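Data from upload-v1.cif: mmCIF, C-alpha atoms and all ligand atoms
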```cif
data_start
#
loop_
_atom_site.group_PDB
_atom_site.id
_atom_site.type_symbol
_atom_site.label_atom_id
_atom_site.label_comp_id
_atom_site.auth_asym_id
_atom_site.auth_seq_id
_atom_site.Cartn_x
_atom_site.Cartn_y
_atom_site.Cartn_z
ATOM 1 C CA MET A 139 32.679 2.507 9.342
ATOM 2 C CA ILE A 140 33.045 1.076 12.824
ATOM 3 C CA ASP A 141 33.242 2.993 16.088
ATOM 4 C CA THR A 142 34.520 1.382 19.238
ATOM 5 C CA TYR A 143 33.300 2.606 22.588
ATOM 6 C CA ASP A 144 35.532 1.711 25.519
ATOM 7 C CA THR A 145 34.316 2.254 29.033
ATOM 8 C CA ASP A 146 35.597 1.043 32.382
ATOM 9 C CA LYS A 147 32.830 -1.512 32.567
ATOM 10 C CA GLN A 148 32.492 -2.794 29.054
ATOM 11 C CA ASN A 149 33.870 -2.745 25.573
ATOM 12 C CA ILE A 150 31.135 -2.230 23.060
ATOM 13 C CA THR A 151 31.842 -2.334 19.370
ATOM 14 C CA ALA A 152 28.948 -1.020 17.392
ATOM 15 C CA SER A 153 28.328 0.015 13.861
ATOM 16 C CA ALA A 154 28.539 3.777 13.571
ATOM 17 C CA GLN A 155 25.758 3.699 11.040
ATOM 18 C CA PRO A 156 23.331 6.315 12.340
ATOM 19 C CA ALA A 157 19.683 5.453 12.619
ATOM 20 C CA PHE A 158 17.551 7.048 9.924
ATOM 21 C CA ASP A 159 14.438 8.791 11.126
ATOM 22 C CA LEU A 160 11.971 9.718 8.405
ATOM 23 C CA ASP A 161 10.391 12.567 10.387
ATOM 24 C CA GLU A 162 13.804 14.082 11.072
ATOM 25 C CA PHE A 163 14.727 13.643 7.421
ATOM 26 C CA ILE A 164 11.611 15.547 6.335
ATOM 27 C CA VAL A 165 12.336 18.369 8.798
ATOM 28 C CA CYS A 166 15.919 18.527 7.491
ATOM 29 C CA MET A 167 14.776 18.649 3.850
ATOM 30 C CA ARG A 168 12.207 21.357 4.575
ATOM 31 C CA LYS A 169 14.950 23.449 6.186
ATOM 32 C CA ALA A 170 17.313 22.841 3.259
ATOM 33 C CA ALA A 171 14.579 23.906 0.831
ATOM 34 C CA LYS A 172 14.565 27.334 2.519
ATOM 35 C CA ALA A 173 18.343 27.786 2.234
ATOM 36 C CA PRO A 174 19.785 30.481 -0.102
ATOM 37 C CA SER A 175 20.765 27.752 -2.618
ATOM 38 C CA PRO A 176 18.092 25.130 -1.972
ATOM 39 C CA ALA A 177 19.123 22.625 -4.652
ATOM 40 C CA LYS A 178 22.683 22.583 -3.309
ATOM 41 C CA ALA A 179 21.516 22.416 0.305
ATOM 42 C CA VAL A 180 19.138 19.518 -0.397
ATOM 43 C CA ARG A 181 21.864 17.709 -2.334
ATOM 44 C CA ALA A 182 24.349 18.111 0.537
ATOM 45 C CA GLU A 183 21.871 16.696 3.040
ATOM 46 C CA MET A 184 20.873 13.862 0.694
ATOM 47 C CA ASP A 185 24.553 12.968 0.232
ATOM 48 C CA ARG A 186 24.905 12.831 4.000
ATOM 49 C CA TYR A 187 21.853 10.621 4.542
ATOM 50 C CA PHE A 188 22.595 8.274 1.656
ATOM 51 C CA GLU A 189 26.111 7.571 2.885
ATOM 52 C CA HIS A 190 24.203 4.995 4.924
ATOM 53 C CA PRO A 191 21.638 3.495 2.555
ATOM 54 C CA GLU A 192 21.188 0.471 4.794
ATOM 55 C CA ALA A 193 20.007 2.731 7.621
ATOM 56 C CA VAL A 194 17.486 4.318 5.252
ATOM 57 C CA ARG A 195 16.316 0.918 4.006
ATOM 58 C CA LEU A 196 15.824 -0.433 7.510
ATOM 59 C CA ALA A 197 13.872 2.604 8.684
ATOM 60 C CA MET A 198 11.682 3.302 5.684
ATOM 61 C CA PRO A 199 8.049 2.140 5.948
ATOM 62 C CA LYS A 200 7.377 -1.022 3.928
ATOM 63 C CA PHE A 201 4.819 0.343 1.501
ATOM 64 C CA ASP A 202 2.858 -2.017 -0.755
ATOM 65 C CA THR A 203 2.678 0.714 -3.356
ATOM 66 C CA ASP A 204 5.103 1.988 -5.991
ATOM 67 C CA GLU A 205 4.773 5.615 -4.972
ATOM 68 C CA GLU A 206 3.877 7.531 -1.835
ATOM 69 C CA VAL A 207 3.944 11.245 -1.080
ATOM 70 C CA LEU A 208 5.878 11.482 2.168
ATOM 71 C CA TYR A 209 5.549 15.262 2.395
ATOM 72 C CA GLU A 210 4.507 18.132 0.154
ATOM 73 C CA ASP A 211 4.133 21.865 0.610
ATOM 74 C CA GLU A 212 4.812 24.928 -1.556
ATOM 75 C CA SER A 213 8.583 24.627 -1.285
ATOM 76 C CA ILE A 214 9.272 20.900 -1.325
ATOM 77 C CA SER A 215 7.859 17.484 -2.227
ATOM 78 C CA ILE A 216 9.275 14.242 -0.892
ATOM 79 C CA PHE A 217 8.270 10.970 -2.522
ATOM 80 C CA TYR A 218 8.951 7.325 -1.919
ATOM 81 C CA CYS A 219 9.365 5.526 -5.262
ATOM 82 C CA ARG A 220 9.696 1.844 -6.049
ATOM 83 C CA PHE A 221 10.473 0.604 -9.555
ATOM 84 C CA ARG A 222 9.933 -3.048 -10.332
ATOM 85 C CA PRO A 223 12.325 -5.026 -12.557
ATOM 86 C CA GLY A 224 11.483 -4.494 -16.195
ATOM 87 C CA TYR A 225 9.643 -1.241 -15.498
ATOM 88 C CA THR A 226 10.627 1.968 -17.313
ATOM 89 C CA ILE A 227 8.882 5.273 -16.716
ATOM 90 C CA PRO A 228 8.300 7.485 -19.777
ATOM 91 C CA PRO A 229 10.397 10.574 -20.556
ATOM 92 C CA HIS A 230 9.263 13.560 -18.520
ATOM 93 C CA ASP A 231 10.506 16.732 -16.900
ATOM 94 C CA HIS A 232 9.835 18.188 -13.462
ATOM 95 C CA GLN A 233 9.991 21.965 -14.055
ATOM 96 C CA THR A 234 11.792 22.163 -10.729
ATOM 97 C CA SER A 235 15.063 20.854 -9.328
ATOM 98 C CA ALA A 236 15.091 17.279 -8.054
ATOM 99 C CA VAL A 237 17.464 15.168 -5.996
ATOM 100 C CA ILE A 238 17.067 11.387 -5.963
ATOM 101 C CA GLY A 239 18.713 8.992 -3.520
ATOM 102 C CA ILE A 240 18.633 5.197 -3.919
ATOM 103 C CA TYR A 241 18.494 3.054 -0.811
ATOM 104 C CA ASP A 242 17.970 -0.402 -2.321
ATOM 105 C CA GLY A 243 18.343 -2.012 -5.733
ATOM 106 C CA GLN A 244 19.658 -0.613 -8.989
ATOM 107 C CA GLU A 245 18.247 1.768 -11.543
ATOM 108 C CA ARG A 246 19.352 3.719 -14.580
ATOM 109 C CA ASN A 247 18.512 7.342 -15.205
ATOM 110 C CA ASN A 248 18.543 8.169 -18.919
ATOM 111 C CA PHE A 249 18.683 11.839 -19.898
ATOM 112 C CA PHE A 250 17.450 13.196 -23.233
ATOM 113 C CA SER A 251 18.019 16.238 -25.398
ATOM 114 C CA THR A 252 15.564 17.899 -27.774
ATOM 115 C CA ALA A 253 18.427 19.181 -29.952
ATOM 116 C CA GLY A 254 18.738 17.673 -33.408
ATOM 117 C CA ASP A 255 16.257 16.199 -35.844
ATOM 118 C CA ASN A 256 14.872 13.483 -33.606
ATOM 119 C CA PHE A 257 11.991 14.087 -31.232
ATOM 120 C CA ILE A 258 14.304 13.416 -28.304
ATOM 121 C CA THR A 259 17.785 11.862 -28.223
ATOM 122 C CA LYS A 260 19.394 10.081 -25.304
ATOM 123 C CA SER A 261 22.335 12.200 -24.172
ATOM 124 C CA LYS A 262 23.487 10.470 -21.005
ATOM 125 C CA SER A 263 22.831 7.472 -18.766
ATOM 126 C CA VAL A 264 23.587 7.320 -15.063
ATOM 127 C CA ASP A 265 23.607 3.895 -13.391
ATOM 128 C CA MET A 266 22.709 4.082 -9.743
ATOM 129 C CA GLN A 267 22.690 1.704 -6.845
ATOM 130 C CA ALA A 268 22.041 1.912 -3.118
ATOM 131 C CA GLY A 269 23.865 4.913 -1.687
ATOM 132 C CA ASP A 270 23.952 6.916 -4.922
ATOM 133 C CA VAL A 271 22.412 10.368 -5.238
ATOM 134 C CA VAL A 272 21.707 12.281 -8.449
ATOM 135 C CA SER A 273 20.662 15.910 -8.983
ATOM 136 C CA ILE A 274 18.325 16.710 -11.867
ATOM 137 C CA GLY A 275 17.834 20.213 -13.257
ATOM 138 C CA PRO A 276 14.374 21.728 -13.764
ATOM 139 C CA HIS A 277 14.332 21.296 -17.530
ATOM 140 C CA ALA A 278 16.097 17.943 -17.776
ATOM 141 C CA ILE A 279 14.126 15.221 -19.552
ATOM 142 C CA HIS A 280 14.636 11.777 -18.092
ATOM 143 C CA THR A 281 13.405 8.227 -17.776
ATOM 144 C CA VAL A 282 14.159 5.786 -15.012
ATOM 145 C CA GLU A 283 14.447 2.046 -15.538
ATOM 146 C CA CYS A 284 14.930 -0.613 -12.913
ATOM 147 C CA THR A 285 18.042 -2.487 -14.032
ATOM 148 C CA GLY A 286 18.318 -5.047 -11.238
ATOM 149 C CA SER A 287 16.552 -8.339 -10.636
ATOM 150 C CA THR A 288 14.881 -6.882 -7.545
ATOM 151 C CA PRO A 289 12.914 -3.619 -7.223
ATOM 152 C CA SER A 290 14.759 -0.355 -6.738
ATOM 153 C CA TYR A 291 13.748 1.898 -3.858
ATOM 154 C CA ALA A 292 14.444 5.606 -3.646
ATOM 155 C CA ILE A 293 13.510 8.865 -2.028
ATOM 156 C CA HIS A 294 12.828 11.650 -4.520
ATOM 157 C CA VAL A 295 12.977 15.264 -3.371
ATOM 158 C CA TYR A 296 11.585 18.070 -5.567
ATOM 159 C CA LEU A 297 11.858 21.786 -4.891
ATOM 160 C CA GLY A 298 8.175 22.612 -5.229
ATOM 161 C CA PRO A 299 4.708 21.097 -4.966
ATOM 162 C CA LEU A 300 5.256 18.420 -7.611
ATOM 163 C CA SER A 301 1.654 17.230 -7.715
ATOM 164 C CA ARG A 302 0.564 20.746 -8.723
ATOM 165 C CA ILE A 303 3.411 21.787 -11.023
ATOM 166 C CA GLU A 304 2.531 21.911 -14.717
ATOM 167 C CA ARG A 305 5.124 19.747 -16.406
ATOM 168 C CA ASN A 306 5.603 17.599 -19.471
ATOM 169 C CA LEU A 307 5.520 14.043 -20.681
ATOM 170 C CA TYR A 308 7.194 13.057 -23.932
ATOM 171 C CA ASP A 309 5.149 10.612 -26.006
ATOM 172 C CA VAL A 310 7.929 9.118 -28.113
ATOM 173 C CA GLU A 311 5.661 7.079 -30.381
ATOM 174 C CA ALA A 312 3.359 9.997 -31.183
ATOM 175 C CA GLU A 313 6.322 12.438 -31.100
ATOM 176 C CA LYS A 314 4.297 14.801 -28.948
ATOM 177 C CA VAL A 315 4.945 16.731 -25.765
ATOM 178 C CA ILE A 316 1.845 16.390 -23.623
ATOM 179 C CA PRO A 317 0.873 17.725 -20.182
ATOM 180 C CA PHE A 318 1.924 15.398 -17.392
ATOM 181 C CA THR A 319 -0.973 13.421 -15.956
ATOM 182 C CA ASP A 320 -0.826 10.256 -13.896
ATOM 183 C CA ALA A 321 -3.052 8.485 -16.440
ATOM 184 C CA ASP A 322 -0.731 9.286 -19.371
ATOM 185 C CA PHE A 323 2.332 8.563 -17.250
ATOM 186 C CA HIS A 324 1.094 5.012 -16.589
ATOM 187 C CA ARG A 325 -0.147 4.597 -20.165
ATOM 188 C CA LEU A 326 3.290 5.408 -21.559
ATOM 189 C CA ALA A 327 5.313 3.434 -19.012
ATOM 190 C CA GLU A 328 6.957 0.235 -20.229
ATOM 191 C CA ASP A 329 6.260 -2.758 -18.075
ATOM 192 C CA ASN A 330 7.981 -5.927 -19.159
ATOM 193 C CA ASP A 331 6.331 -7.851 -16.349
ATOM 194 C CA ILE A 332 9.468 -9.369 -14.934
ATOM 195 C CA VAL A 333 8.629 -10.853 -11.560
ATOM 196 C CA ALA A 334 11.364 -10.377 -8.988
HETATM 197 FE FE FE A 401 11.396 12.169 -12.776
#
```
Mind turning the file's structure into structure tokens?
Ligand SMILES: [Fe+2]
Amino acid sequence: MIDTYDTDKQNITASAQPAFDLDEFIVCMRKAAKAPSPAKAVRAEMDRYFEHPEAVRLAMPKFDTDEEVLYEDESISIFYCRFRPGYTIPPHDHQTSAVIGIYDGQERNNFFSTAGDNFITKSKSVDMQAGDVVSIGPHAIHTVECTGSTPSYAIHVYLGPLSRIERNLYDVEAEKVIPFTDADFHRLAEDNDIVA
């Protein structure tokens, strides 16, 4: 989208892409988390911000890590997440609503059902790229895999203090549901060591 500003003295054509400000984003998300329908309010604001993924990409800090907590309190958690090519996180749930927005790269969210004879069965896949936003219900079971040749970068918003919520990991090989811990999360992740 292009806006043109005409004045008496000059004609300036500038991209209408708004600057992304992480502090403002966090304030906006905290407010949305207090709305009567917080999951819908967060989703609406995420949709608005991720209409301009390039603005988000340019403004986000360049972390050397795969995950950073950008903000967390009782009502909301906001994470930066990077997935490297060939990396797939294990099936897990959040026990709270989540909204994920991608600002660079490509990833695939796979959703699973516990219905049927199998331990878990893939029920749906959602391919995402920069600018896409997905909402995930509290009891949804999902994995995320980086499907591009470069890392995927996203902001994940959860309606609660994710680091303190008791939630589940699904150990497919052992066919066991186990409490979510960072150690087991990394143990069960698939890393095919593709170097971007
Ligand atoms: Fe997740």
Target residues per the PyMOL selection byres (((chain A and resi 185) around 10) and not hetatm), formatted as a JSON list (two decimals) with C-alpha atoms, in the frame of the given file:
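Final output, expr_1.json:
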```
[["chain", "number", "residue", "atom", "x", "y", "z"],
["A", 179, "ALA", "CA", 21.52, 22.42, 0.30],
["A", 180, "VAL", "CA", 19.14, 19.52, -0.40],
["A", 181, "ARG", "CA", 21.86, 17.71, -2.33],
["A", 182, "ALA", "CA", 24.35, 18.11, 0.54],
["A", 183, "GLU", "CA", 21.87, 16.70, 3.04],
["A", 184, "MET", "CA", 20.87, 13.86, 0.69],
["A", 186, "ARG", "CA", 24.90, 12.83, 4.00],
["A", 187, "TYR", "CA", 21.85, 10.62, 4.54],
["A", 188, "PHE", "CA", 22.60, 8.27, 1.66],
["A", 189, "GLU", "CA", 26.11, 7.57, 2.88],
["A", 190, "HIS", "CA", 24.20, 5.00, 4.92],
["A", 237, "VAL", "CA", 17.46, 15.17, -6.00],
["A", 238, "ILE", "CA", 17.07, 11.39, -5.96],
["A", 239, "GLY", "CA", 18.71, 8.99, -3.52],
["A", 269, "GLY", "CA", 23.86, 4.91, -1.69],
["A", 270, "ASP", "CA", 23.95, 6.92, -4.92],
["A", 271, "VAL", "CA", 22.41, 10.37, -5.24],
["A", 272, "VAL", "CA", 21.71, 12.28, -8.45]]
```
Selection as a ChimeraX atom specification: residues within 12 Å of ligand FE 401 (chain A) by all atoms listed in the file: /A:217,219,226-238,246-249,272-283,292-296,300,305-308,318,323
Selection under test: the PyMOL selection byres (((chain A and resi 163-172) around 10) and not hetatm); residues as a ChimeraX atom specification: /A:158-162,173-184,187,194,208-211,213-216,295-298
Interatomic distance (Å, one decimal) between CA of Gly243 in chain A and CA of Glu206 in chain A: 17.8 Å
Result set, the PyMOL selection byres (((chain A and resi 258) around 10) and not hetatm) on current file, as a ChimeraX atom specification: /A:229,249-257,259-261,279,308-310,313
The selected residues should be written to file as a short mmCIF file (atom, residue, chain, number, x, y, z; two decimals), keeping the file's coordinate frame (atoms: C-alpha atoms).
```cif
data_model
loop_
_atom_site.label_atom_id
_atom_site.label_comp_id
_atom_site.auth_asym_id
_atom_site.auth_seq_id
_atom_site.Cartn_x
_atom_site.Cartn_y
_atom_site.Cartn_z
CA PRO A 229 10.40 10.57 -20.56
CA PHE A 249 18.68 11.84 -19.90
CA PHE A 250 17.45 13.20 -23.23
CA SER A 251 18.02 16.24 -25.40
CA THR A 252 15.56 17.90 -27.77
CA ALA A 253 18.43 19.18 -29.95
CA GLY A 254 18.74 17.67 -33.41
CA ASP A 255 16.26 16.20 -35.84
CA ASN A 256 14.87 13.48 -33.61
CA PHE A 257 11.99 14.09 -31.23
CA THR A 259 17.78 11.86 -28.22
CA LYS A 260 19.39 10.08 -25.30
CA SER A 261 22.34 12.20 -24.17
CA ILE A 279 14.13 15.22 -19.55
CA TYR A 308 7.19 13.06 -23.93
CA ASP A 309 5.15 10.61 -26.01
CA VAL A 310 7.93 9.12 -28.11
CA GLU A 313 6.32 12.44 -31.10
#
```
Separation of CA of Lys262 in chain A from CA of Arg195 in chain A in Å: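 Computing it gives 27.7 Å between the two atoms.
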Padding 3 Å on every side, please: axis-aligned box over the listed atoms of range 302-312 of chain A, centre and edge lengths to one decimal in Å, as lines of an AutoDock Vina configuration file.
```
center_x = 4.2
center_y = 14.5
center_z = -20.0
size_x = 13.4
size_y = 20.8
size_z = 28.5
```
For CA of Ala193 in chain A and CA of Cys284 in chain A, the interatomic separation in Å (one decimal): 21.4 Å
Residues within 10 Å of Thr285 in chain A, all atoms listed in the file, excluding chain neighbours under 6 positions, as a list in words: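 The residues that qualify are Phe221, Arg222, Pro223, Gly224, Tyr225, Thr226, Gly243, Gln244, Glu245, Arg246, Asn247, Asp265, Met266 and Gln267 of chain A.
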Output of the above residues as a JSON list (two decimals), keeping the file's coordinate frame, restricted to C-alpha atoms:
```
[["chain", "number", "residue", "atom", "x", "y", "z"],
["A", 221, "PHE", "CA", 10.47, 0.60, -9.56],
["A", 222, "ARG", "CA", 9.93, -3.05, -10.33],
["A", 223, "PRO", "CA", 12.32, -5.03, -12.56],
["A", 224, "GLY", "CA", 11.48, -4.49, -16.20],
["A", 225, "TYR", "CA", 9.64, -1.24, -15.50],
["A", 226, "THR", "CA", 10.63, 1.97, -17.31],
["A", 243, "GLY", "CA", 18.34, -2.01, -5.73],
["A", 244, "GLN", "CA", 19.66, -0.61, -8.99],
["A", 245, "GLU", "CA", 18.25, 1.77, -11.54],
["A", 246, "ARG", "CA", 19.35, 3.72, -14.58],
["A", 247, "ASN", "CA", 18.51, 7.34, -15.20],
["A", 265, "ASP", "CA", 23.61, 3.90, -13.39],
["A", 266, "MET", "CA", 22.71, 4.08, -9.74],
["A", 267, "GLN", "CA", 22.69, 1.70, -6.84]]
```
Mind filling out range 280-309 of chain A with N, CA and C atoms and sending it as a PDB file, keeping the file's coordinate frame?
```pdb
ATOM      1  N   HIS A 280      14.029  13.060 -18.451  1.00  0.00           N
ATOM      2  CA  HIS A 280      14.636  11.777 -18.092  1.00  0.00           C
ATOM      3  C   HIS A 280      13.616  10.654 -18.036  1.00  0.00           C
ATOM      4  N   THR A 281      14.161   9.440 -18.093  1.00  0.00           N
ATOM      5  CA  THR A 281      13.405   8.227 -17.776  1.00  0.00           C
ATOM      6  C   THR A 281      14.172   7.517 -16.668  1.00  0.00           C
ATOM      7  N   VAL A 282      13.493   6.637 -15.984  1.00  0.00           N
ATOM      8  CA  VAL A 282      14.159   5.786 -15.012  1.00  0.00           C
ATOM      9  C   VAL A 282      13.754   4.353 -15.303  1.00  0.00           C
ATOM     10  N   GLU A 283      14.755   3.460 -15.368  1.00  0.00           N
ATOM     11  CA  GLU A 283      14.447   2.046 -15.538  1.00  0.00           C
ATOM     12  C   GLU A 283      15.099   1.255 -14.416  1.00  0.00           C
ATOM     13  N   CYS A 284      14.371   0.271 -13.937  1.00  0.00           N
ATOM     14  CA  CYS A 284      14.930  -0.613 -12.913  1.00  0.00           C
ATOM     15  C   CYS A 284      15.814  -1.626 -13.626  1.00  0.00           C
ATOM     16  N   THR A 285      17.100  -1.637 -13.303  1.00  0.00           N
ATOM     17  CA  THR A 285      18.042  -2.487 -14.032  1.00  0.00           C
ATOM     18  C   THR A 285      18.433  -3.744 -13.256  1.00  0.00           C
ATOM     19  N   GLY A 286      17.964  -3.875 -12.027  1.00  0.00           N
ATOM     20  CA  GLY A 286      18.318  -5.047 -11.238  1.00  0.00           C
ATOM     21  C   GLY A 286      17.268  -6.133 -11.350  1.00  0.00           C
ATOM     22  N   SER A 287      17.512  -7.234 -10.655  1.00  0.00           N
ATOM     23  CA  SER A 287      16.552  -8.339 -10.636  1.00  0.00           C
ATOM     24  C   SER A 287      15.591  -8.207  -9.463  1.00  0.00           C
ATOM     25  N   THR A 288      15.798  -7.187  -8.644  1.00  0.00           N
ATOM     26  CA  THR A 288      14.881  -6.882  -7.545  1.00  0.00           C
ATOM     27  C   THR A 288      14.446  -5.423  -7.706  1.00  0.00           C
ATOM     28  N   PRO A 289      13.357  -5.009  -7.070  1.00  0.00           N
ATOM     29  CA  PRO A 289      12.914  -3.619  -7.223  1.00  0.00           C
ATOM     30  C   PRO A 289      13.964  -2.627  -6.714  1.00  0.00           C
ATOM     31  N   SER A 290      13.927  -1.435  -7.276  1.00  0.00           N
ATOM     32  CA  SER A 290      14.759  -0.355  -6.738  1.00  0.00           C
ATOM     33  C   SER A 290      13.868   0.541  -5.875  1.00  0.00           C
ATOM     34  N   TYR A 291      14.475   1.063  -4.822  1.00  0.00           N
ATOM     35  CA  TYR A 291      13.748   1.898  -3.858  1.00  0.00           C
ATOM     36  C   TYR A 291      14.508   3.209  -3.694  1.00  0.00           C
ATOM     37  N   ALA A 292      13.780   4.307  -3.716  1.00  0.00           N
ATOM     38  CA  ALA A 292      14.444   5.606  -3.646  1.00  0.00           C
ATOM     39  C   ALA A 292      13.566   6.620  -2.950  1.00  0.00           C
ATOM     40  N   ILE A 293      14.224   7.675  -2.487  1.00  0.00           N
ATOM     41  CA  ILE A 293      13.510   8.865  -2.028  1.00  0.00           C
ATOM     42  C   ILE A 293      13.796   9.958  -3.044  1.00  0.00           C
ATOM     43  N   HIS A 294      12.726  10.577  -3.544  1.00  0.00           N
ATOM     44  CA  HIS A 294      12.828  11.650  -4.520  1.00  0.00           C
ATOM     45  C   HIS A 294      12.423  12.955  -3.840  1.00  0.00           C
ATOM     46  N   VAL A 295      13.265  13.958  -3.970  1.00  0.00           N
ATOM     47  CA  VAL A 295      12.977  15.264  -3.371  1.00  0.00           C
ATOM     48  C   VAL A 295      12.889  16.293  -4.496  1.00  0.00           C
ATOM     49  N   TYR A 296      11.813  17.054  -4.531  1.00  0.00           N
ATOM     50  CA  TYR A 296      11.585  18.070  -5.567  1.00  0.00           C
ATOM     51  C   TYR A 296      11.396  19.423  -4.891  1.00  0.00           C
ATOM     52  N   LEU A 297      11.962  20.461  -5.503  1.00  0.00           N
ATOM     53  CA  LEU A 297      11.858  21.786  -4.891  1.00  0.00           C
ATOM     54  C   LEU A 297      10.589  22.494  -5.366  1.00  0.00           C
ATOM     55  N   GLY A 298       9.466  22.024  -4.887  1.00  0.00           N
ATOM     56  CA  GLY A 298       8.175  22.612  -5.229  1.00  0.00           C
ATOM     57  C   GLY A 298       7.087  21.580  -5.003  1.00  0.00           C
ATOM     58  N   PRO A 299       5.835  22.018  -5.171  1.00  0.00           N
ATOM     59  CA  PRO A 299       4.708  21.097  -4.966  1.00  0.00           C
ATOM     60  C   PRO A 299       4.470  20.258  -6.217  1.00  0.00           C
ATOM     61  N   LEU A 300       5.206  19.163  -6.342  1.00  0.00           N
ATOM     62  CA  LEU A 300       5.256  18.420  -7.611  1.00  0.00           C
ATOM     63  C   LEU A 300       3.869  18.042  -8.136  1.00  0.00           C
ATOM     64  N   SER A 301       2.975  17.685  -7.246  1.00  0.00           N
ATOM     65  CA  SER A 301       1.654  17.230  -7.715  1.00  0.00           C
ATOM     66  C   SER A 301       0.863  18.362  -8.372  1.00  0.00           C
ATOM     67  N   ARG A 302       1.301  19.607  -8.153  1.00  0.00           N
ATOM     68  CA  ARG A 302       0.564  20.746  -8.723  1.00  0.00           C
ATOM     69  C   ARG A 302       1.366  21.528  -9.760  1.00  0.00           C
ATOM     70  N   ILE A 303       2.587  21.090 -10.027  1.00  0.00           N
ATOM     71  CA  ILE A 303       3.411  21.787 -11.023  1.00  0.00           C
ATOM     72  C   ILE A 303       3.004  21.333 -12.424  1.00  0.00           C
ATOM     73  N   GLU A 304       2.823  22.277 -13.329  1.00  0.00           N
ATOM     74  CA  GLU A 304       2.531  21.911 -14.717  1.00  0.00           C
ATOM     75  C   GLU A 304       3.831  21.508 -15.386  1.00  0.00           C
ATOM     76  N   ARG A 305       3.898  20.263 -15.810  1.00  0.00           N
ATOM     77  CA  ARG A 305       5.124  19.747 -16.406  1.00  0.00           C
ATOM     78  C   ARG A 305       4.778  18.839 -17.569  1.00  0.00           C
ATOM     79  N   ASN A 306       5.807  18.239 -18.165  1.00  0.00           N
ATOM     80  CA  ASN A 306       5.603  17.599 -19.471  1.00  0.00           C
ATOM     81  C   ASN A 306       5.950  16.121 -19.487  1.00  0.00           C
ATOM     82  N   LEU A 307       5.199  15.422 -20.321  1.00  0.00           N
ATOM     83  CA  LEU A 307       5.520  14.043 -20.681  1.00  0.00           C
ATOM     84  C   LEU A 307       5.882  14.044 -22.160  1.00  0.00           C
ATOM     85  N   TYR A 308       6.769  13.149 -22.533  1.00  0.00           N
ATOM     86  CA  TYR A 308       7.194  13.057 -23.932  1.00  0.00           C
ATOM     87  C   TYR A 308       6.701  11.727 -24.492  1.00  0.00           C
ATOM     88  N   ASP A 309       5.708  11.808 -25.372  1.00  0.00           N
ATOM     89  CA  ASP A 309       5.149  10.612 -26.006  1.00  0.00           C
ATOM     90  C   ASP A 309       5.997  10.310 -27.236  1.00  0.00           C
TER      91      ASP A 309
END
```
